[in-house]
>>> print(open('target_11.txt').read())   # compact mmCIF, C-alpha atoms
# COMPACT_ATOMS: atom_id res chain seq x y z
CA MET A 95 -0.15 42.68 120.16
CA THR A 96 -0.05 45.64 117.81
CA GLU A 97 3.50 46.15 116.57
CA ALA A 98 5.32 48.38 114.16
CA ARG A 99 6.25 46.70 110.88
CA ASN A 100 9.11 44.27 111.01
CA ASP A 101 11.22 46.24 108.50
CA GLY A 102 13.68 48.53 110.22
CA GLY A 103 13.78 46.32 113.31
CA GLY A 104 17.47 47.05 113.75
CA ARG A 105 16.80 50.79 113.61
CA ARG A 106 14.00 50.57 116.17
CA LEU A 107 16.20 48.48 118.44
CA ARG A 108 18.91 51.16 118.26
CA TRP A 109 16.41 53.83 119.40
CA LEU A 110 15.42 51.65 122.35
CA LEU A 111 19.03 50.83 123.22
CA THR A 112 20.05 54.50 123.01
CA SER A 113 17.25 55.47 125.38
CA SER A 114 18.15 52.61 127.71
CA ALA A 115 21.81 53.62 127.66
CA ALA A 116 20.98 57.21 128.70
CA SER A 117 18.58 55.99 131.37
CA HIS A 118 21.03 53.46 132.78
CA LEU A 119 23.88 55.99 132.78
CA GLY A 120 21.80 58.39 134.84
CA ASP A 121 20.61 55.52 137.02
CA GLY A 122 24.16 54.29 137.56
CA ILE A 123 25.34 57.72 138.64
CA GLY A 124 22.46 57.95 141.08
CA LYS A 125 22.86 54.44 142.46
CA VAL A 126 26.42 55.24 143.51
CA ALA A 127 25.69 58.78 144.66
CA LEU A 128 22.60 57.90 146.74
CA PRO A 129 24.42 55.45 149.06
CA LEU A 130 27.36 57.87 149.33
CA LEU A 131 24.92 60.62 150.28
CA ALA A 132 23.37 58.30 152.84
CA THR A 133 26.77 57.55 154.42
CA THR A 134 27.25 61.28 155.04
CA LEU A 135 24.06 61.15 157.13
CA THR A 136 24.49 57.76 158.89
CA ARG A 137 26.79 54.71 159.08
CA ASP A 138 24.13 52.45 160.60
CA PRO A 139 24.17 49.27 158.41
CA VAL A 140 20.42 48.77 158.86
CA LEU A 141 19.64 52.31 157.67
CA ILE A 142 22.05 51.93 154.75
CA ALA A 143 20.34 48.64 153.86
CA GLY A 144 17.00 50.41 154.25
CA LEU A 145 17.91 52.69 151.36
CA SER A 146 18.37 49.71 149.03
CA ALA A 147 15.16 48.19 150.38
CA THR A 148 13.29 51.44 149.70
CA GLN A 149 14.58 51.62 146.13
CA PHE A 150 13.22 48.16 145.36
CA LEU A 151 10.10 48.18 147.55
CA PRO A 152 7.95 49.42 144.63
CA TRP A 153 8.77 46.21 142.76
CA LEU A 154 7.16 44.25 145.56
CA LEU A 155 4.14 46.56 145.77
CA PHE A 156 3.55 47.63 142.17
CA ALA A 157 5.38 45.30 139.77
CA ALA A 158 2.29 43.19 138.99
CA VAL A 159 0.14 46.31 138.51
CA ALA A 160 2.85 47.87 136.31
CA GLY A 161 2.93 44.70 134.21
CA ALA A 162 -0.83 44.82 133.69
CA LEU A 163 -0.65 48.50 132.77
CA VAL A 164 2.02 48.03 130.10
CA ASP A 165 -0.18 45.36 128.51
CA ARG A 166 -2.97 47.96 128.16
CA ILE A 167 -1.14 51.11 127.06
CA ASP A 168 1.47 52.12 124.53
CA ARG A 169 4.74 50.89 126.02
CA ARG A 170 6.84 53.61 124.39
CA ARG A 171 4.64 56.33 125.90
CA ALA A 172 4.79 54.62 129.28
CA MET A 173 8.59 54.79 129.20
CA ILE A 174 8.54 58.47 128.24
CA VAL A 175 6.23 59.38 131.13
CA ALA A 176 8.16 57.26 133.65
CA ASN A 177 11.55 58.68 132.66
CA THR A 178 10.20 62.22 132.81
CA ALA A 179 8.92 61.56 136.34
CA ARG A 180 12.31 60.21 137.39
CA ALA A 181 14.08 63.23 135.92
CA ALA A 182 11.83 65.56 137.94
CA ALA A 183 12.32 63.66 141.21
CA VAL A 184 16.10 63.53 140.96
CA GLY A 185 16.23 67.17 139.86
CA ALA A 186 14.37 68.14 143.03
CA LEU A 187 16.85 66.09 145.08
CA ALA A 188 19.77 67.94 143.48
CA VAL A 189 18.26 71.25 144.55
CA LEU A 190 17.83 70.01 148.14
CA VAL A 191 21.39 68.67 148.30
CA ALA A 192 22.79 71.96 147.00
CA ALA A 193 20.71 73.87 149.58
CA GLY A 194 21.99 71.66 152.41
CA GLY A 195 18.51 70.57 153.45
CA MET A 196 18.96 66.79 153.34
CA SER A 197 18.00 64.08 155.81
CA ILE A 198 18.08 60.31 155.48
CA TRP A 199 14.29 60.31 155.21
CA LEU A 200 14.33 62.64 152.22
CA VAL A 201 16.84 60.30 150.58
CA TYR A 202 14.43 57.44 151.25
CA LEU A 203 11.49 59.39 149.79
CA THR A 204 13.39 60.17 146.59
CA ALA A 205 14.46 56.54 146.24
CA LEU A 206 10.84 55.46 146.63
CA ILE A 207 9.61 57.83 143.90
CA ILE A 208 12.39 56.77 141.52
CA GLY A 209 11.73 53.11 142.19
CA THR A 210 8.00 53.47 141.57
CA ALA A 211 8.57 55.10 138.17
CA GLU A 212 11.20 52.45 137.40
CA THR A 213 8.60 49.67 137.68
CA ILE A 214 6.82 51.18 134.67
CA ALA A 215 9.93 52.11 132.67
CA ASP A 216 11.72 48.78 133.02
CA SER A 217 8.60 46.64 132.54
CA ALA A 218 7.75 48.53 129.37
CA ALA A 219 11.32 48.30 128.05
CA ASN A 220 11.43 44.53 128.53
CA ALA A 221 7.99 44.07 126.97
CA LEU A 222 9.10 46.16 123.97
CA ILE A 223 12.01 43.89 123.04
CA PRO A 224 10.10 41.27 120.98
CA ALA A 225 8.22 44.02 119.13
CA VAL A 226 11.28 46.05 118.12
CA VAL A 227 13.45 43.01 117.33
CA GLY A 228 10.96 41.47 114.89
CA ASP A 229 12.65 38.49 113.24
CA GLY A 230 16.00 39.19 114.90
CA SER A 231 17.72 37.19 117.64
CA LEU A 232 16.24 37.63 121.10
CA ASP A 233 19.43 36.34 122.74
CA ALA A 234 21.46 39.03 120.94
CA ALA A 235 18.92 41.77 121.70
CA ASN A 236 18.71 40.84 125.39
CA SER A 237 22.49 40.68 125.54
CA LYS A 238 22.72 44.21 124.10
CA LEU A 239 20.13 45.47 126.58
CA GLN A 240 22.14 43.91 129.42
CA ALA A 241 25.29 45.53 128.01
CA CYS A 242 23.59 48.95 128.04
CA GLU A 243 22.65 48.42 131.67
CA ILE A 244 26.13 47.33 132.69
CA VAL A 245 27.94 50.07 130.75
CA GLY A 246 25.64 52.75 132.10
CA GLN A 247 25.16 51.63 135.67
CA THR A 248 28.64 50.42 136.59
CA PHE A 249 31.19 50.83 133.80
CA LEU A 250 30.52 54.57 133.41
CA GLY A 251 27.89 55.56 135.95
CA GLY A 252 29.76 54.26 138.99
CA PRO A 253 33.02 56.18 138.47
CA VAL A 254 31.20 59.33 137.31
CA GLY A 255 28.88 59.20 140.31
CA SER A 256 31.64 58.82 142.87
CA LEU A 257 33.99 61.38 141.31
CA THR A 258 31.32 64.04 140.88
CA PHE A 259 30.01 63.42 144.41
CA ALA A 260 33.51 64.01 145.78
CA LEU A 261 33.68 67.29 143.84
CA PHE A 262 30.19 68.62 144.63
CA ALA A 263 27.49 66.54 146.30
CA ALA A 264 24.66 67.81 144.10
CA PHE A 265 26.57 67.31 140.82
CA PRO A 266 25.84 63.58 140.28
CA PHE A 267 22.12 64.13 140.84
CA ILE A 268 22.06 66.86 138.19
CA LEU A 269 23.64 64.40 135.75
CA ASN A 270 21.24 61.67 136.87
CA SER A 271 18.25 63.88 136.14
CA ALA A 272 19.67 64.80 132.73
CA GLY A 273 20.12 61.11 131.86
CA PHE A 274 16.47 60.35 132.51
CA ALA A 275 15.36 63.42 130.55
CA ILE A 276 17.48 62.39 127.55
CA ALA A 277 16.11 58.85 127.74
CA ALA A 278 12.56 60.21 127.49
CA ALA A 279 13.43 62.53 124.60
CA VAL A 280 15.19 59.82 122.56
CA LEU A 281 12.07 57.64 122.60
CA LEU A 282 10.24 60.30 120.63
CA GLY A 283 12.22 59.04 117.63
CA LEU A 284 10.96 55.46 118.01
CA ALA A 285 8.29 55.15 115.33
CA GLY A 286 5.20 52.98 115.63
CA THR A 287 2.73 51.97 118.30
CA TYR A 288 3.60 49.32 120.86
CA ARG A 289 0.47 48.21 122.68
CA GLY A 290 -0.12 44.86 124.29
CA LYS A 291 -3.70 45.22 123.03
CA ALA A 292 -6.06 48.02 122.10
CA GLU A 293 -5.91 50.85 124.61
CA THR A 294 -8.87 50.85 127.01
CA PRO A 295 -9.64 52.74 130.20
CA VAL A 296 -7.74 51.34 133.17
CA GLU A 297 -10.51 50.04 135.42
CA PRO A 298 -9.53 48.45 138.78
CA ALA A 299 -11.85 45.44 138.32
CA LYS A 300 -10.40 44.69 134.88
CA LEU A 301 -6.86 45.15 136.18
CA ARG A 302 -7.49 42.59 138.91
CA THR A 303 -8.85 40.16 136.32
CA GLU A 304 -5.84 40.64 134.07
CA LEU A 305 -3.40 40.26 136.94
CA ALA A 306 -5.10 36.98 137.78
CA ASP A 307 -4.78 35.94 134.13
CA GLY A 308 -1.03 36.47 134.26
CA LEU A 309 -0.72 34.56 137.52
CA ARG A 310 -2.85 31.65 136.23
CA TRP A 311 -0.79 31.45 133.03
CA LEU A 312 2.41 31.29 135.06
CA ARG A 313 1.04 28.59 137.35
CA ARG A 314 0.19 26.43 134.32
CA HIS A 315 3.76 26.56 133.01
CA PRO A 316 6.04 24.69 135.45
CA LEU A 317 9.29 25.68 133.72
CA LEU A 318 8.63 29.41 134.08
CA LEU A 319 7.40 28.86 137.63
CA ARG A 320 10.62 27.06 138.57
CA LEU A 321 12.66 29.80 136.94
CA VAL A 322 10.80 32.38 139.05
CA VAL A 323 11.66 30.46 142.22
CA VAL A 324 15.34 30.17 141.28
CA ALA A 325 15.57 33.84 140.27
CA GLY A 326 13.78 34.94 143.44
CA LEU A 327 16.14 32.99 145.68
CA LEU A 328 19.17 34.36 143.83
CA SER A 329 17.81 37.89 144.14
CA LEU A 330 17.18 37.54 147.87
CA VAL A 331 20.56 36.05 148.70
CA SER A 332 22.66 38.31 146.48
CA GLU A 333 21.04 41.43 147.96
CA LEU A 334 22.16 40.38 151.44
CA ALA A 335 25.61 41.51 150.33
CA GLN A 336 24.93 44.03 147.58
CA ALA A 337 23.02 46.33 149.94
CA GLN A 338 26.19 46.47 152.05
CA LEU A 339 28.58 47.12 149.15
CA VAL A 340 29.19 50.76 150.07
CA LEU A 341 30.10 49.83 153.66
CA TYR A 342 32.25 46.92 152.41
CA ALA A 343 34.18 49.28 150.13
CA LEU A 344 34.54 52.16 152.60
CA GLU A 345 35.10 50.23 155.83
CA ASP A 346 36.52 46.79 154.92
CA LEU A 347 38.56 47.80 151.87
CA HIS A 348 39.15 51.39 153.09
CA LEU A 349 38.30 53.05 149.78
CA SER A 350 37.45 56.74 149.57
CA ASP A 351 34.23 58.23 148.24
CA ALA A 352 36.00 59.11 144.99
CA THR A 353 37.39 55.60 144.43
CA PHE A 354 34.24 53.69 145.36
CA GLY A 355 32.93 54.12 141.81
CA PHE A 356 36.07 52.59 140.33
CA PHE A 357 35.42 49.50 142.42
CA ALA A 358 32.07 49.24 140.61
CA PHE A 359 33.88 50.00 137.32
CA VAL A 360 35.57 46.61 137.47
CA GLY A 361 32.17 45.07 138.07
CA GLY A 362 31.06 46.81 134.89
CA ILE A 363 33.86 45.20 132.93
CA GLY A 364 32.76 41.82 134.23
CA GLY A 365 29.16 42.56 133.31
CA LEU A 366 30.14 43.47 129.77
CA LEU A 367 32.06 40.22 129.42
CA GLY A 368 29.06 38.31 130.71
CA ALA A 369 26.71 40.01 128.25
CA GLY A 370 29.13 39.43 125.38
CA VAL A 371 29.79 35.74 125.97
CA ALA A 372 26.30 34.67 127.10
CA PRO A 373 24.86 34.00 123.59
CA ARG A 374 27.99 32.05 122.60
CA LEU A 375 27.93 30.04 125.82
CA VAL A 376 24.27 29.19 125.25
CA ARG A 377 25.08 27.90 121.76
CA THR A 378 28.12 25.97 122.98
CA ILE A 379 27.12 24.38 126.28
CA GLY A 380 23.37 25.01 126.56
CA ARG A 381 21.13 27.07 128.80
CA LEU A 382 21.15 24.89 131.91
CA PRO A 383 24.96 24.99 132.38
CA VAL A 384 24.94 28.76 131.86
CA VAL A 385 22.27 29.23 134.54
CA THR A 386 23.63 26.81 137.15
CA GLY A 387 27.29 27.53 136.43
CA GLY A 388 26.59 31.25 136.49
CA ILE A 389 24.91 31.07 139.89
CA ALA A 390 27.85 29.02 141.22
CA CYS A 391 30.29 31.65 139.95
CA CYS A 392 28.20 34.33 141.66
CA GLY A 393 28.67 32.41 144.90
CA LEU A 394 32.41 32.07 144.38
CA GLY A 395 32.69 35.80 143.69
CA PHE A 396 30.82 36.96 146.79
CA GLY A 397 32.32 34.23 148.99
CA GLY A 398 35.79 35.31 147.93
CA MET A 399 35.01 38.96 148.59
CA GLY A 400 34.22 38.00 152.18
CA LEU A 401 37.71 36.54 152.60
CA VAL A 402 39.97 39.14 150.97
CA ARG A 403 40.99 42.60 152.14
CA SER A 404 42.73 43.78 148.99
CA PRO A 405 40.76 46.33 146.92
CA VAL A 406 42.16 44.84 143.70
CA ALA A 407 41.16 41.30 144.63
CA GLY A 408 37.78 42.45 145.94
CA ALA A 409 37.03 44.36 142.76
CA ALA A 410 38.12 41.42 140.58
CA LEU A 411 35.82 39.07 142.48
CA PHE A 412 32.98 41.55 142.15
CA GLY A 413 33.69 41.51 138.41
CA LEU A 414 33.32 37.72 138.42
CA PHE A 415 29.95 38.04 140.15
CA ALA A 416 28.80 40.68 137.65
CA ALA A 417 29.82 38.60 134.62
CA ALA A 418 28.06 35.53 135.96
CA VAL A 419 24.83 37.23 137.00
CA VAL A 420 24.51 39.02 133.65
CA ALA A 421 24.95 35.74 131.76
CA VAL A 422 22.22 34.20 133.91
CA ASN A 423 19.96 37.20 133.30
CA VAL A 424 20.35 36.89 129.52
CA VAL A 425 19.11 33.30 129.62
CA LEU A 426 16.23 34.16 131.94
CA ALA A 427 15.14 37.10 129.79
CA THR A 428 15.16 35.02 126.63
CA ALA A 429 13.16 32.28 128.37
CA ARG A 430 10.48 34.83 129.25
CA HIS A 431 10.35 36.29 125.76
CA THR A 432 10.16 32.92 124.01
CA LEU A 433 7.70 31.19 126.31
CA VAL A 434 5.24 33.96 127.19
CA PRO A 435 2.64 35.16 124.63
CA GLY A 436 3.20 38.77 123.62
CA GLU A 437 -0.21 39.94 124.82
CA LEU A 438 0.50 38.49 128.31
CA LEU A 439 4.17 39.45 128.55
CA GLY A 440 3.67 42.57 130.67
CA ARG A 441 1.45 40.79 133.18
CA VAL A 442 3.66 37.70 133.49
CA LEU A 443 6.71 39.95 133.76
CA GLY A 444 4.89 41.88 136.49
CA VAL A 445 4.32 38.71 138.50
CA TRP A 446 7.94 37.66 137.86
CA ARG A 447 9.30 40.96 139.11
CA THR A 448 6.96 41.05 142.09
CA VAL A 449 8.67 37.87 143.25
CA VAL A 450 12.23 38.43 142.01
CA TRP A 451 12.63 42.16 142.53
CA GLY A 452 10.27 42.10 145.50
CA ALA A 453 12.77 39.80 147.24
CA ILE A 454 15.39 42.56 147.11
CA PRO A 455 13.98 44.75 149.94
CA LEU A 456 13.76 41.72 152.21
CA GLY A 457 17.29 40.64 151.29
CA ALA A 458 18.61 44.16 151.85
CA LEU A 459 17.11 44.44 155.34
CA LEU A 460 18.29 40.96 156.29
CA GLY A 461 21.77 41.90 155.05
CA GLY A 462 21.77 45.03 157.21
CA VAL A 463 20.81 43.04 160.30
CA LEU A 464 23.38 40.37 159.42
CA THR A 465 26.16 42.95 159.08
CA GLU A 466 25.16 44.50 162.40
CA ARG A 467 25.26 41.09 164.10
CA LEU A 468 28.42 39.80 162.43
CA GLY A 469 30.31 43.06 162.80
CA SER A 470 31.39 43.60 159.20
CA ALA A 471 30.00 43.71 155.68
CA ALA A 472 32.74 41.30 154.54
CA ARG A 473 31.24 38.53 156.65
CA THR A 474 27.85 39.16 155.09
CA PHE A 475 29.44 38.69 151.64
CA ALA A 476 30.85 35.34 152.79
CA VAL A 477 27.43 34.16 153.99
CA SER A 478 25.81 35.30 150.73
CA GLY A 479 28.42 33.43 148.67
CA VAL A 480 27.85 30.14 150.45
CA ALA A 481 24.07 30.50 150.09
CA MET A 482 24.39 31.06 146.32
CA LEU A 483 26.35 27.83 145.93
CA VAL A 484 23.43 26.05 147.57
CA ILE A 485 21.01 27.77 145.16
CA ALA A 486 23.13 26.61 142.19
CA ALA A 487 22.70 23.01 143.32
CA PHE A 488 18.97 23.53 143.81
CA ALA A 489 18.65 25.11 140.34
CA PHE A 490 20.34 22.12 138.70
CA GLY A 491 17.91 19.72 140.37
CA ALA A 492 14.86 21.88 139.60
CA LEU A 493 15.62 22.61 135.93
CA ARG A 494 17.49 19.59 134.57
CA ARG A 495 14.35 17.66 133.54
CA GLY A 496 12.83 20.53 131.55
CA PRO A 497 13.78 22.15 128.23
CA LEU A 498 16.67 24.00 129.88
CA GLY A 499 18.35 20.68 130.55
CA ASP A 500 17.31 18.93 127.33
CA LYS A 501 19.31 19.36 124.13
CA SER A 502 16.82 17.35 122.08
CA ASP A 503 14.09 18.72 119.87
CA SER A 504 11.85 19.11 122.90
CA ALA A 505 13.88 22.23 123.68
CA ALA A 506 12.48 23.95 120.60
CA ALA A 507 10.20 26.03 122.80
CA LEU A 508 13.25 27.91 123.98
CA THR A 509 14.64 28.55 120.52
CA HIS A 510 11.55 29.62 118.59
CA HIS A 511 9.05 32.24 119.62
CA ASP A 512 5.54 30.82 119.56
CA PRO A 513 3.02 33.58 120.25
CA GLY A 514 0.35 30.96 120.88
CA LEU A 515 2.06 29.47 123.94
>>> encode(input="target_11.txt", output="structure tokens")
Amino acid sequence: MTEARNDGGGRRLRWLLTSSAASHLGDGIGKVALPLLATTLTRDPVLIAGLSATQFLPWLLFAAVAGALVDRIDRRRAMIVANTARAAAVGALAVLVAAGGMSIWLVYLTALIIGTAETIADSAANALIPAVVGDGSLDAANSKLQACEIVGQTFLGGPVGSLTFALFAAFPFILNSAGFAIAAAVLLGLAGTYRGKAETPVEPAKLRTELADGLRWLRRHPLLLRLVVVAGLLSLVSELAQAQLVLYALEDLHLSDATFGFFAFVGGIGGLLGAGVAPRLVRTIGRLPVVTGGIACCGLGFGGMGLVRSPVAGAALFGLFAAAVVAVNVVLATARHTLVPGELLGRVLGVWRTVVWGAIPLGALLGGVLTERLGSAARTFAVSGVAMLVIAAFAFGALRRGPLGDKSDSAAALTHHDPGL
């Protein structure tokens, strides 16, 4: 992989983090405003779940292709183009909302466009991390990237999205568009070239070959393959409930549109705590306890949310879930960066996200059907919580004999980046 020089790695990381912060802030505003907009058009739990499914459907369809693309092109440029496309799509939505010409299907279409561009932007951002960090700590860099996501999407974006939606329905989408535009502009200050390999024309036959390369590499590495399975199951089961969060807040906890974002705000606090303590927990107790314990805490959080009817208790439990899932994500991200060769990172990440993020649309639709059958979103949260406790037990059994569960020198593969792996 062609990288910028290792000097100034901290400065380059700050450019990337600043861009990510702007992008995630805009994204967070939109991810609260879009479901609220949908609830003004329908209260059908399946249609509400369909919005979440539509947002993540591109990860199922295009994640592997996006991963192959970011291995062939300059990753910084890919992020600029993708963020510009998202800014244009959300800007058009703001105009339609202000004109009063919305339907649930237009909301779906916008979510699909945003999600498609996101497959490029997020894949490129993750693949950029080893290049911009240089000799720095990947755990710390991934933790900071997770913190940017949590601060932007829930800690700030959630409250801003709900409050501005209550004031003027088009307002949050204007801010969302501006966030993506700023994210694209900031990346112009990131010096250097960041290609997985020399840029070549994107030919379909070569893309298929390279996608197969990424899949074959993953199949030959049992640890990463088991991590994909665990992450995919967690993604599927957690989305059963997360796709119903807006109905849970509005109907089970009786929150208003304006206060829905503050419910997510508490989740943001939890996410920040998870990002902050994850590197220390890894050093203290090891990666396996962080992964399995984190998944168990996710289950306790969602299971508890299904049993309480207090907004304060519900928000606190959502904060527990957020802290735990972010800690798990930090470990998973570092495992990818340390075990996957740089020139294959985009493709392997594409396969990973095809499975993990591709499970989200299925989980969302199943959650909508489950809520419809059970009669409330709270019951869906309870089912999701129990299922995650089962996944935690499965993860312990699947991972305990590999480097994640071994504190001996054989775990060195997870502490030192070996580009030849």
>>> residues_around(input="target_11.txt", residues="A:Val175", least_positions_apart="5", cutoff="9 Å", atoms="only C-alpha atoms", output="list of chain:residue names")
A:Arg170, A:Arg180, A:Ala211, A:Ile214, A:Ala215, A:Ala278
>>> residues_around(input="target_11.txt", residues="A:Ser404", least_positions_apart="3", cutoff="10 Å", atoms="all atoms listed in the file", output="PyMOL selection string")
chain A and resi 346-348+399+401+407-410
>>> atom_distance(input="target_11.txt", atom1="atom CA of A:Leu341", atom2="atom CA of A:Glu212")
25.1 Å
>>> atom_distance(input="target_11.txt", atom1="atom CA of A:Leu394", atom2="atom CA of A:Asp216")
28.9 Å
>>> residues_around(input="target_11.txt", residues="A:Val126", least_positions_apart="5", cutoff="9 Å", atoms="only C-alpha atoms", output="number ranges by chain")
A: 121, 131, 247-248, 251-256, 259, 266, 340, 354-355, 358
>>> axis_aligned_box(input="target_11.txt", around="stretch 371-380 of chain A", padding_each_side="5 Å", output="lines of an AutoDock Vina configuration file")
center_x = 26.6
center_y = 30.1
center_z = 124.4
size_x = 16.4
size_y = 21.4
size_z = 15.3
